[in-house]
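Participant: Just so it is clear, I am handing over entry-v3.txt, which has compact mmCIF, C-alpha atoms.
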```txt
# COMPACT_ATOMS: atom_id res chain seq x y z
CA MET K 1 -25.25 17.20 -0.21
CA ALA K 2 -23.36 19.39 2.28
CA THR K 3 -19.65 19.76 1.72
CA GLN K 4 -17.14 20.86 4.31
CA VAL K 5 -13.46 21.53 4.16
CA VAL K 6 -11.44 18.33 4.53
CA ASP K 7 -7.69 18.53 4.94
CA HIS K 8 -6.53 15.92 2.42
CA SER K 9 -3.02 15.96 3.91
CA ALA K 10 -4.50 14.40 7.07
CA LEU K 11 -6.01 11.66 4.92
CA LYS K 12 -2.69 11.10 3.14
CA VAL K 13 -0.83 10.84 6.46
CA ASN K 14 -3.46 8.35 7.64
CA GLN K 15 -3.04 6.24 4.48
CA THR K 16 0.76 6.40 4.79
CA GLY K 17 0.46 5.24 8.40
CA ILE K 18 -1.73 2.30 7.38
CA VAL K 19 0.60 1.21 4.58
CA ALA K 20 3.71 1.58 6.74
CA THR K 21 2.24 -0.28 9.73
CA VAL K 22 0.97 -3.21 7.66
CA LEU K 23 4.27 -3.45 5.81
CA VAL K 24 6.26 -3.43 9.06
CA ALA K 25 3.95 -6.12 10.49
CA PHE K 26 4.11 -8.15 7.28
CA ILE K 27 7.86 -8.06 6.74
CA GLY K 28 8.66 -8.02 10.47
CA SER K 29 6.58 -11.14 11.13
CA ALA K 30 8.86 -13.13 8.85
CA PHE K 31 11.69 -12.60 11.35
CA TYR K 32 9.87 -11.81 14.58
CA ARG K 33 6.39 -13.28 14.86
CA PRO K 34 5.06 -10.87 17.56
CA ALA K 35 5.28 -8.11 14.92
CA LEU K 36 1.89 -9.42 13.81
CA LEU K 37 0.45 -7.71 16.90
CA LEU K 38 0.66 -4.47 14.93
CA ILE K 39 -2.29 -5.60 12.80
CA PRO K 40 -4.90 -5.85 15.61
CA LEU K 41 -3.45 -2.64 17.06
CA LEU K 42 -3.94 -0.89 13.73
CA ALA K 43 -7.50 -2.25 13.56
CA ILE K 44 -8.22 -0.73 16.98
CA VAL K 45 -6.64 2.60 15.95
CA LEU K 46 -8.70 2.77 12.73
CA LEU K 47 -11.98 1.74 14.34
CA ALA K 48 -11.47 4.08 17.30
CA GLY K 49 -10.59 6.93 14.94
CA THR K 50 -13.72 6.31 12.90
CA PHE K 51 -16.04 6.80 15.84
CA ALA K 52 -13.96 9.28 17.88
CA PRO K 53 -11.66 11.43 15.69
CA GLN K 54 -9.59 12.39 18.74
CA TYR K 55 -8.31 8.79 18.82
CA ALA K 56 -7.35 8.73 15.13
CA LEU K 57 -3.65 8.24 15.81
CA PHE K 58 -2.23 9.14 12.39
CA LYS K 59 -4.52 12.14 11.93
CA GLN K 60 -3.60 13.36 15.41
CA LEU K 61 0.08 12.92 14.50
CA TYR K 62 -0.57 15.16 11.50
CA PHE K 63 -2.61 17.80 13.35
CA LYS K 64 -0.43 17.89 16.49
CA VAL K 65 3.08 17.34 15.09
CA LEU K 66 3.50 17.31 11.31
CA LYS K 67 1.29 20.29 10.45
CA PRO K 68 2.36 22.70 13.23
CA ARG K 69 6.03 22.04 12.45
CA GLY K 70 5.50 22.55 8.75
CA ILE K 71 6.69 19.02 7.92
CA VAL K 72 3.51 18.35 5.93
CA LYS K 73 1.66 21.26 4.33
CA PRO K 74 -2.13 21.36 4.75
CA ARG K 75 -4.28 20.78 1.66
CA PRO K 76 -7.82 21.88 2.45
CA VAL K 77 -10.35 20.69 -0.12
CA GLN K 78 -14.13 21.17 -0.34
CA ASP K 79 -15.17 17.61 0.34
CA ARG K 80 -17.33 15.43 2.54
CA PRO K 81 -15.63 13.69 5.46
CA GLU K 82 -18.21 10.86 5.72
CA PRO K 83 -16.98 8.72 2.78
CA HIS K 84 -13.40 8.93 4.06
CA ASN K 85 -14.48 7.99 7.59
CA PHE K 86 -16.48 5.10 6.18
CA ALA K 87 -13.45 3.93 4.19
CA GLN K 88 -11.31 4.12 7.31
CA GLY K 89 -13.89 2.15 9.29
CA LEU K 90 -14.08 -0.46 6.55
CA GLY K 91 -10.29 -0.78 6.66
CA GLY K 92 -10.55 -1.21 10.43
CA VAL K 93 -13.19 -3.95 10.07
CA PHE K 94 -11.09 -5.80 7.49
CA LEU K 95 -8.05 -5.57 9.77
CA ALA K 96 -10.14 -6.83 12.70
CA VAL K 97 -11.21 -9.83 10.61
CA ALA K 98 -7.58 -10.27 9.53
CA SER K 99 -6.54 -10.25 13.21
CA ALA K 100 -9.00 -13.03 13.98
CA PHE K 101 -7.39 -15.17 11.27
CA LEU K 102 -3.76 -14.37 12.09
CA LEU K 103 -3.23 -17.23 14.54
CA PRO K 104 -5.42 -20.03 13.11
CA VAL K 105 -4.88 -19.31 9.38
CA PRO K 106 -2.04 -16.79 9.06
CA VAL K 107 -2.22 -16.75 5.24
CA ILE K 108 -5.79 -15.38 5.25
CA GLY K 109 -4.99 -12.90 8.02
CA LEU K 110 -1.89 -11.62 6.25
CA ALA K 111 -3.62 -11.50 2.86
CA LEU K 112 -6.52 -9.44 4.25
CA ALA K 113 -4.15 -7.05 6.00
CA LEU K 114 -2.06 -6.71 2.86
CA LEU K 115 -5.19 -6.02 0.82
CA VAL K 116 -6.05 -3.13 3.17
CA ALA K 117 -2.52 -1.79 2.68
CA VAL K 118 -2.80 -2.11 -1.12
CA LEU K 119 -6.09 -0.19 -1.12
CA ALA K 120 -4.64 2.48 1.17
CA PHE K 121 -1.68 2.76 -1.22
CA VAL K 122 -3.96 3.05 -4.25
CA ASN K 123 -5.80 5.88 -2.48
CA LEU K 124 -2.52 7.53 -1.49
CA ALA K 125 -0.90 7.27 -4.91
CA PHE K 126 -3.82 7.52 -7.34
CA GLY K 127 -6.60 9.15 -5.30
CA TYR K 128 -8.97 6.22 -5.86
CA CYS K 129 -10.87 5.44 -2.67
CA LEU K 130 -12.67 2.10 -2.91
CA GLY K 131 -14.26 2.54 0.53
CA CYS K 132 -15.70 5.89 -0.63
CA GLN K 133 -17.11 4.20 -3.76
CA ILE K 134 -18.75 1.54 -1.59
CA TYR K 135 -20.16 4.32 0.62
CA PHE K 136 -21.69 6.11 -2.40
CA GLN K 137 -23.08 2.87 -3.85
CA LEU K 138 -24.65 1.85 -0.51
CA GLY K 139 -26.09 5.35 -0.17
CA LYS K 140 -27.50 5.18 -3.69
CA ARG K 141 -29.24 1.90 -2.86
CA GLY K 142 -30.58 3.33 0.39
CA LEU K 143 -28.62 0.84 2.50
CA ILE K 144 -26.95 3.59 4.50
CA ARG K 145 -27.96 7.15 5.13
CA ALA K 146 -25.40 8.92 2.95
CA SER K 147 -26.09 12.50 4.02
CA MET O 1 6.35 -21.82 1.59
CA SER O 2 6.12 -19.19 4.31
CA PRO O 3 2.68 -17.66 5.07
CA GLN O 4 4.04 -14.25 4.04
CA LEU O 5 4.87 -15.40 0.52
CA LEU O 6 1.60 -17.25 0.20
CA ALA O 7 -0.35 -14.17 1.37
CA LEU O 8 1.60 -12.04 -1.10
CA ALA O 9 0.67 -14.44 -3.89
CA VAL O 10 -3.02 -14.41 -2.85
CA VAL O 11 -3.11 -10.60 -2.79
CA GLY O 12 -1.29 -10.47 -6.11
CA VAL O 13 -3.91 -12.71 -7.70
CA VAL O 14 -6.77 -10.67 -6.15
CA VAL O 15 -5.28 -7.37 -7.36
CA LEU O 16 -4.63 -8.78 -10.82
CA ALA O 17 -8.18 -10.15 -11.05
CA ALA O 18 -9.61 -6.80 -9.89
CA ALA O 19 -7.51 -4.94 -12.48
CA CYS O 20 -8.68 -7.29 -15.26
CA LEU O 21 -12.33 -6.93 -14.22
CA GLU O 22 -11.98 -3.14 -14.16
CA LEU O 23 -10.41 -3.18 -17.63
CA VAL O 24 -13.25 -5.31 -18.99
CA ARG O 25 -15.88 -3.13 -17.29
CA ALA O 26 -14.33 0.09 -18.62
CA ARG O 27 -14.06 -1.38 -22.12
CA ARG O 28 -17.66 -2.56 -22.14
CA ALA O 29 -18.90 0.76 -20.81
CA ARG O 30 -16.87 2.59 -23.47
CA LEU O 31 -18.22 0.38 -26.26
CA LYS O 32 -21.79 0.84 -25.03
CA THR O 33 -21.34 4.59 -24.84
CA LEU O 34 -19.72 5.16 -28.23
CA GLY O 35 -22.34 6.36 -30.63
CA ALA O 36 -24.67 7.59 -27.88
CA ILE O 37 -26.44 10.73 -28.96
CA ALA O 38 -26.70 14.20 -27.44
CA ALA O 39 -27.55 17.65 -28.84
CA PRO O 40 -25.98 18.55 -32.23
CA ALA O 41 -23.74 21.63 -32.54
CA SER O 42 -21.76 23.54 -35.15
CA ASP O 43 -18.39 22.25 -33.84
CA PRO O 44 -17.19 19.25 -31.84
CA TYR O 45 -17.70 19.76 -28.14
CA ILE O 46 -16.98 18.10 -24.83
CA LEU O 47 -19.37 16.81 -22.22
CA TYR O 48 -17.54 17.18 -18.94
CA PHE O 49 -19.00 15.11 -16.11
CA THR O 50 -17.98 16.30 -12.69
CA GLY O 51 -19.29 16.39 -9.13
CA GLU O 52 -19.02 18.28 -5.89
CA GLY O 53 -16.59 15.93 -4.20
CA CYS O 54 -14.32 15.40 -7.22
CA THR O 55 -10.91 16.78 -6.34
CA VAL O 56 -9.12 15.62 -9.50
CA CYS O 57 -11.76 17.51 -11.52
CA ARG O 58 -10.64 20.78 -9.98
CA THR O 59 -6.94 20.11 -9.67
CA HIS O 60 -6.30 18.39 -13.02
CA GLN O 61 -9.25 18.14 -15.39
CA GLU O 62 -10.40 21.75 -15.33
CA PRO O 63 -6.90 23.19 -15.98
CA ALA O 64 -6.56 20.69 -18.88
CA LEU O 65 -9.93 21.77 -20.31
CA ALA O 66 -8.93 25.43 -19.95
CA LYS O 67 -5.90 24.74 -22.18
CA LEU O 68 -8.17 23.71 -25.06
CA GLY O 69 -9.07 27.30 -25.85
CA ALA O 70 -12.31 28.08 -27.66
CA VAL O 71 -13.92 24.67 -27.40
CA ARG O 72 -17.47 24.36 -26.13
CA ILE O 73 -17.50 22.47 -22.85
CA ASP O 74 -20.81 21.39 -21.38
CA LYS O 75 -20.26 20.88 -17.68
CA VAL O 76 -22.59 18.24 -16.27
CA ASP O 77 -23.11 17.51 -12.58
CA ALA O 78 -23.09 13.71 -12.69
CA VAL O 79 -25.00 13.47 -9.43
CA ALA O 80 -27.72 15.99 -10.33
CA ASP O 81 -28.09 14.89 -13.97
CA ARG O 82 -28.24 11.13 -13.49
CA THR O 83 -30.11 10.52 -16.75
CA LEU O 84 -27.35 11.97 -18.90
CA ALA O 85 -24.65 10.40 -16.70
CA ASP O 86 -26.32 6.98 -17.02
CA ARG O 87 -26.57 7.33 -20.79
CA PHE O 88 -22.79 7.69 -20.94
CA HIS O 89 -22.16 5.08 -18.18
CA VAL O 90 -20.45 7.60 -15.95
CA TYR O 91 -19.32 5.85 -12.76
CA THR O 92 -15.98 7.63 -12.54
CA LEU O 93 -15.30 11.34 -12.13
CA PRO O 94 -14.06 13.18 -14.06
CA THR O 95 -15.38 11.73 -17.30
CA THR O 96 -15.06 13.59 -20.58
CA VAL O 97 -16.95 12.71 -23.73
CA VAL O 98 -15.83 14.16 -27.04
CA MET O 99 -18.91 14.75 -29.17
CA THR O 100 -19.02 15.21 -32.94
CA PRO O 101 -20.94 18.22 -34.32
CA GLU O 102 -23.76 15.75 -35.11
CA GLY O 103 -24.03 15.03 -31.40
CA ARG O 104 -22.49 11.56 -31.48
CA ALA O 105 -20.05 10.39 -28.80
CA LEU O 106 -16.69 9.75 -30.46
CA HIS O 107 -14.40 9.26 -27.46
CA VAL O 108 -15.13 8.60 -23.81
CA ASN O 109 -12.43 9.17 -21.22
CA TYR O 110 -13.17 7.69 -17.82
CA GLY O 111 -10.85 9.44 -15.38
CA TYR O 112 -8.50 12.34 -15.98
CA ALA O 113 -7.80 13.08 -19.66
CA THR O 114 -4.83 15.27 -20.55
CA ALA O 115 -5.14 18.35 -22.80
CA PRO O 116 -3.08 16.80 -25.67
CA LYS O 117 -5.27 13.69 -25.61
CA LEU O 118 -8.46 15.77 -25.75
CA GLU O 119 -6.99 17.94 -28.54
CA ARG O 120 -6.22 14.81 -30.57
CA GLN O 121 -9.75 13.50 -30.03
CA LEU O 122 -11.29 16.86 -30.95
CA ALA O 123 -9.21 16.92 -34.16
CA GLU O 124 -10.60 13.46 -35.01
CA ALA O 125 -14.12 14.71 -34.29
CA ARG O 126 -13.54 17.65 -36.69
CA THR O 127 -12.23 15.48 -39.51
CA GLY O 128 -14.68 12.66 -38.87
CA ALA O 129 -11.84 10.13 -38.44
CA GLY O 130 -12.91 7.09 -36.47
CA LEU O 131 -16.58 7.91 -36.95
CA GLU O 132 -17.15 4.82 -39.09
CA ALA O 133 -16.12 2.63 -36.18
CA VAL O 134 -18.49 4.44 -33.87
CA THR O 135 -21.51 4.36 -36.12
CA ALA O 136 -20.91 0.81 -37.36
```
Since I need it in another form, could you write the structure as structure tokens?
Facilitator:
Amino acid sequence: MATQVVDHSALKVNQTGIVATVLVAFIGSAFYRPALLLIPLLAIVLLAGTFAPQYALFKQLYFKVLKPRGIVKPRPVQDRPEPHNFAQGLGGVFLAVASAFLLPVPVIGLALALLVAVLAFVNLAFGYCLGCQIYFQLGKRGLIRAS
Amino acid sequence: MSPQLLALAVVGVVVLAAACLELVRARRARLKTLGAIAAPASDPYILYFTGEGCTVCRTHQEPALAKLGAVRIDKVDAVADRTLADRFHVYTLPTTVVMTPEGRALHVNYGYATAPKLERQLAEARTGAGLEAVTA
């Protein structure tokens, strides 16, 4: 199992971005319905960032702005990036599904989006990554190639 | 009722249900594990389950274990030693198991356990307090 150095501050910034965006969309939509557009946008950002890290908006914000200016200090940790990428992708998929429900059944769409935000918050605050757990369990069962 | 409030209620119920399920799972795993047997020793000791990708192990658990002083700590790679990890139902890292000198699991801590908590459990393992419950 090869480990690399993963900057956990980048992950934290990503999780903060997810929580903040969903909350803005959630609360904002109560007053201004188009705020819901943030949810499909976030889904695109997360899915794009999973497959092409250069499009990971929040991580790029960290690497290009927050880290160079010393606003957020780097926290390099011996870790594997794959579970975190998988978790991000899973978040993106859930937000994509949430987006599909936003117009026909807004309750389901909002609940799914909020659930993604709750899980991102749990990861941010307590370091428990459900997506990573799912990745390890799928790898253990041979359903994905967990290198 | 607005969709926002309804969604909030739905998520609240889901989170609450997940928390309850996790509590039940952890409790059942703990009950199954208590009394499990490993190698005997002259003093109580700790089985410390860790893994390569476990950050909390390095940042929190290992400093807490270092504070315990001259206590034997058997570090176990939960990924490499699946048999032992399965015996103690280790699905969370770090996990610490306080073993009596007879090699019986007295306390299982899934997740980070503080130094004072481990010290208290080791003291119980020395005096044999709580052993009746484990062996019963």
Participant: Out of K:Val6, K:Pro104, K:Val97, K:Phe26, which residue has the shortest atom-to-atom distance to chain O when counting all atoms listed in the file?
Facilitator: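 Of K:Val6, K:Pro104, K:Val97, K:Phe26, the one nearest chain O, counting all atoms listed in the file, is K:Phe26.
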Participant: Go through chain K residue by residue and, counting all atoms listed in the file, keep those with an atom at most 8 Å from chain O; for each kept residue give the shortest atom pair and its distance in Å to one decimal, ordered by chain and increasing number, as CSV.
Facilitator:
```
residue,atom,partner,partner_atom,distance
K:Thr3,CA,O:Gly53,CA,7.7
K:Phe26,CA,O:Gln4,CA,6.9
K:Ile27,CA,O:Gln4,CA,7.8
K:Ala30,CA,O:Gln4,CA,6.9
K:Val77,CA,O:Thr55,CA,7.4
K:Gln78,CA,O:Gly53,CA,7.0
K:Asp79,CA,O:Gly53,CA,5.0
K:Arg80,CA,O:Gly53,CA,6.8
K:Pro106,CA,O:Pro3,CA,6.2
K:Val107,CA,O:Pro3,CA,5.0
K:Ile108,CA,O:Ala7,CA,6.8
K:Leu110,CA,O:Ala7,CA,5.7
K:Ala111,CA,O:Ala7,CA,4.5
K:Leu112,CA,O:Val11,CA,7.9
K:Leu114,CA,O:Val11,CA,6.9
K:Leu115,CA,O:Val11,CA,6.2
```
Participant: Using all atoms listed in the file, pick whichever of O:Gln61, O:Thr83, O:Ser42, O:Thr127 has the shortest atom-to-atom distance to O:Thr114.
Facilitator: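 Among the listed residues, O:Gln61 lies closest to O:Thr114.
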Participant: Please, what distance in Å, to one decimal, runs between atom CA of O:Cys57 and atom CA of O:Ile73?
Facilitator: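 Computed distance, atom CA of O:Cys57 to atom CA of O:Ile73, equals 13.6 Å.
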Participant: Mind pulling up the distance from atom CA of O:Ala29 to atom CA of K:Val118?
Facilitator: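 Answer for the atom CA of K:Val118 to atom CA of O:Ala29 separation: 25.6 Å.
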Participant: Between atom CA of O:Ala123 and atom CA of O:Arg27, what is the distance, to one decimal in Å?
Facilitator: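 That distance, rounded to one decimal, is 22.4 Å.
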Participant: Using only C-alpha atoms, can you list as a VMD selection string the residues within 12 Å of (-12.7, -1.7, 5.0)?
Facilitator: chain K and resid 18 43 46 to 47 50 83 to 98 112 to 120 129 to 135
Participant: Excluding O:Pro101 and residues on its chain fewer than 4 positions from it, collect all residues at most 8 Å away from it, counting only C-alpha atoms, and give them as an NGL selection string.
Facilitator: :O and (40-45 or 125-126)
